[in-house]
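Here the structure comes first, spelled out in structure tokens, and everything after it is commentary.
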Amino acid sequence: MYKSILYPLIICCIIGCSNTTKECEEKPLNPNGDSELAIVMRNLYLNTLDVKKEIIKNPNSSINQILQKETIERFTKNYLAINTAKPTEKDLRKDGIYASYAYLYINSAENFLNNKTKKNYNLMVSSCIQCHERFCFGAINTINKLHLK
């Protein structure tokens with residue numbers, strides 16, 4: 001009796017686990033494709049996360065002493081690109097609102113790089129959130145995780 005139930009169950013599991021249809025494939029993060037700006041933003045997130053990890057790893061050290069040169073170089077390259085990278089929406093820069101938020105972010109990033117304190121780091125992260133409150137709500141929860149406590 002158990003064999004008559006067990007064998008069909010095993011066969012169903014094998015067939016179900018070997019399914020190679022498109023529904024089992026990993027779906028892209030953005031099904032419409034990734035704009036240059038979206039890629040820059042994701043890289044900025046990863047760069048900022050690297051900065052946060054280095055700060056957390058060395059809580060009793062000066063932030064100036066612990067940040068790796070490569071981490072700062074990657075971060076700088078990406079934050080400067082937010083004004084030049086092509087956005088998903090072609091009209092994003094027409095009214096000047098995005099440019100204002102980009103300037104706010106670039107200014108806060110430069111303040112952090114010139115005076116690497118936790119306060120300036122958190123202000124930089126907050127400037128990301130301010131822009132995303134206007135343009136892209138979906139990223140806010142992820143960006144919030146970048147704050148230092």
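Residues in the structure tokens are numbered from 1 in each chain, the chains being A, B, ... in the order shown, and ligands are numbered from 1 in the order shown.
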key: Surrounding residues of Ser100 (chain A) excluding itself and chain neighbours under 6 positions, 10 Å, only C-alpha atoms, as a list in words   =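 Everything that qualifies: Arg93, Ile106 and Cys131 of chain A.
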task = Please identify all polymer residues within 12 Å of region 47-51 of chain A, counting only C-alpha atoms, omitting same-chain residues fewer than 4 positions from it, and present them as a PyMOL selection string.
result = chain A and resi 40-43+55-58+63-64+66-79+109+112-113+116-118+121-122+124-125+128+142-148
request  = State, in Å with one decimal place, the distance from CA of Leu104 (chain A) to CA of Phe135 (chain A).
outcome  =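 That distance, rounded to one decimal, is 14.4 Å.
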So that I can check the surroundings of Glu89 (chain A), please list as a CSV table (one decimal) with C-alpha atoms, in the first residue's frame every protein, DNA and RNA residue that reaches within 12 Å of it, counting only C-alpha atoms and ignoring chain neighbours fewer than 6 positions away.
```
chain,number,residue,atom,x,y,z
A,32,ASN,CA,11.6,46.8,-19.2
A,33,GLY,CA,15.4,46.8,-19.1
A,34,ASP,CA,17.8,48.8,-17.0
A,35,SER,CA,18.6,52.4,-17.8
A,36,GLU,CA,22.1,53.8,-17.2
A,37,LEU,CA,20.7,55.8,-14.2
A,38,ALA,CA,19.2,52.7,-12.7
A,98,TYR,CA,15.5,65.9,-10.5
A,135,PHE,CA,10.7,59.7,-8.0
A,136,CYS,CA,11.1,56.1,-7.0
```
inquiry  = For the helix (DSSP H, G or I) assignment from backbone DSSP, which residues of region 15-129 of chain A qualify? Please present them as a ChimeraX atom specification.
reply    = /A:15-17,22-24,36-57,63-66,69-83,97-114,118-129
request  = Please measure the separation of CA of Lys149 (chain A) and CA of Ser126 (chain A), giving the value in Å to one decimal.
outcome  = 13.1 Å
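With CA of Ile129 (chain A) on one side and CA of Lys52 (chain A) on the other, the separation reads 16.3 Å.
Distances from A:Gln130, A:Asn114, A:Ile97, A:Ala102 to Thr84 (chain A) were compared using only C-alpha atoms, and the smallest one belongs to A:Ala102.
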request  = With a distance cut-off of 8 Å and only C-alpha atoms, select the neighbouring residues of Ser108 (chain A), excluding the residue or stretch itself and same-chain residues fewer than 5 positions from it, and output the selection as a ChimeraX atom specification.
outcome  = /A:120,123-124,127
Prev. selection, all heavy atoms, output as a compact mmCIF listing (two decimals), in the first residue's frame:
```
# COMPACT_ATOMS: atom_id res chain seq x y z
N ASN A 120 27.53 63.08 8.73
CA ASN A 120 27.54 63.41 7.30
C ASN A 120 27.16 62.21 6.44
O ASN A 120 26.51 62.36 5.40
CB ASN A 120 28.89 63.98 6.88
CG ASN A 120 29.07 65.40 7.35
OD1 ASN A 120 28.12 66.09 7.71
ND2 ASN A 120 30.31 65.87 7.36
N LEU A 123 23.42 61.97 6.68
CA LEU A 123 22.80 63.04 5.90
C LEU A 123 22.82 62.71 4.41
O LEU A 123 21.86 62.98 3.69
CB LEU A 123 23.51 64.37 6.16
CG LEU A 123 23.24 65.01 7.52
CD1 LEU A 123 24.18 66.20 7.74
CD2 LEU A 123 21.79 65.45 7.63
N MET A 124 23.90 62.10 3.97
CA MET A 124 24.01 61.69 2.57
C MET A 124 22.93 60.64 2.25
O MET A 124 22.24 60.73 1.23
CB MET A 124 25.41 61.12 2.30
CG MET A 124 25.62 60.62 0.91
SD MET A 124 27.27 59.91 0.69
CE MET A 124 27.18 58.46 1.74
N SER A 127 19.57 62.21 1.98
CA SER A 127 19.34 62.93 0.72
C SER A 127 18.92 61.97 -0.40
O SER A 127 18.14 62.35 -1.27
CB SER A 127 20.56 63.76 0.32
OG SER A 127 21.63 62.95 -0.07
```
